[in-house]
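Asks: This structure is in C-alpha cells; I'll ask about it shortly.
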Amino acid sequence: MARLRALLRRNLGERELVLRADNLEMDLLARRVIRAGVEVELSHREFELLAFLLRHKNATVTRDMLTRDVWKEPDGLMTNVIEVCVNALRRKVELSGQRQLIHTVRGVGYALREG
C-alpha cells in the first residue's frame with residue numbers, strides 16, 4: 001500500500017494543476033479561471049479550450065488539433081463551431097486595458113502568447 005501511495009503521489013506531482021500565462025491563472029482542480037484578479041466564468045467547452053491553449057502556450061494550435069483534442073471529433077469539419085467558441089472565450093478572458101493573449105493565426109488556427 002505504501003508503494004502504491006508513493007506512485008500516486010509521484011504521478012500527481014508531475015502533472016501541472018495550475019496553468020498560467022501573464023496575469024491569467026487556471027486552477028484545473030477547482031475549475032477556476034482568474035484574469036488580473038477577476039474570476040472569469042467559463043462554460044465546460046470554453047474551459048477545456050483555454051486549458052488546451054495554455055498547455056500549448058506560445059505555439060500555434062491548428063483547428064484540426066482543437067477538433068481532435070478538445071471536441072473529440074475525428075474530422076476537422078467544425079471550423080465555425082471552433083470560431084464561435086474562441087470568440088466567446090475571448091469576450092470573457094480578454095479584459096479591456098489588458099494585453100491580448102489569444103491570437104488568430106490566419107489560415108492555421110490560434111495561439112495563446114504571453115510576454
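Ordering of the C-alpha cells sets the chain letters (A, B, ...), residue numbers begin anew at 1 in every chain, and ligands are numbered from 1 in the order given.
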Once DSSP has gone over the backbone, tell me which residues of chain A are in helix (DSSP H, G or I), as an MDAnalysis selection string.
Replies: chainID A and resid 2:14 44:55 63:69 79:93
Asks: For stretch 39-49 of chain A, find every residue with an atom within 7 Å (counting only C-alpha atoms), except residues of its own chain fewer than 4 positions away, and show them as a list in words.
Replies: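 Near neighbours after the sequence-gap exclusion: Val33, Ile34, Arg35, Leu53, Val70, Cys85, Leu89, Lys92 and Val93 of chain A.
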Asks: Considering only C-alpha atoms, return as a PyMOL selection string whatever protein or nucleic-acid residues lie within 10 Å of A:Arg99, sequence-local ones (same chain, fewer than 2 positions apart) excluded.
Replies: chain A and resi 22-23+94-97+101-102+113-115
Asks: Run DSSP on the backbone and tell me which residues of chain A come out as strand (DSSP E or B); list them as JSON, numbers by chain.
Replies: {"A": [18, 19, 20, 21, 24, 25, 26, 27, 32, 33, 34, 35, 38, 39, 40, 60, 61, 62, 102, 103, 104, 105, 109, 110, 111, 112]}
Asks: Residues at most 10 Å from A:Leu19, counting only C-alpha atoms, excluding those fewer than 3 positions away in the same chain, as number ranges by chain?
Replies: A: 16, 24-28, 33, 50-51, 54-55, 57
Asks: Figure out the distance between atom CA of A:Asp69 and atom CA of A:Ala30, please, to one decimal in Å.
Replies: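 If I compute the distance from atom CA of A:Ala30 to atom CA of A:Asp69, I get 21.4 Å.
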Asks: Figure out the distance between atom CA of A:Val18 and atom CA of A:Val81, please, to one decimal in Å.
Replies: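 Taking atom CA of A:Val81 and atom CA of A:Val18, their separation equals 26.9 Å.
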Asks: Taking 6 positions as the minimum chain separation for residues in the same chain, which residues sit within 12 Å of A:Pro74 when counting only C-alpha atoms? Answer as a list in words.
Replies: Arg63, Asp64, Met65, Leu66, Thr67 and Arg68 of chain A
Asks: Between atom CA of A:Val86 and atom CA of A:Tyr110, what is the spacing in Å?
Replies: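 Atom CA of A:Val86 lies 8.8 Å from atom CA of A:Tyr110.
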Asks: I'd like the neighbourhood of stretch 103-106 of chain A as a ChimeraX atom specification, where a residue qualifies if any of its atoms comes within 9 Å (using only C-alpha atoms), though same-chain residues fewer than 4 positions away should be ignored.
Replies: /A:60-62,110-113
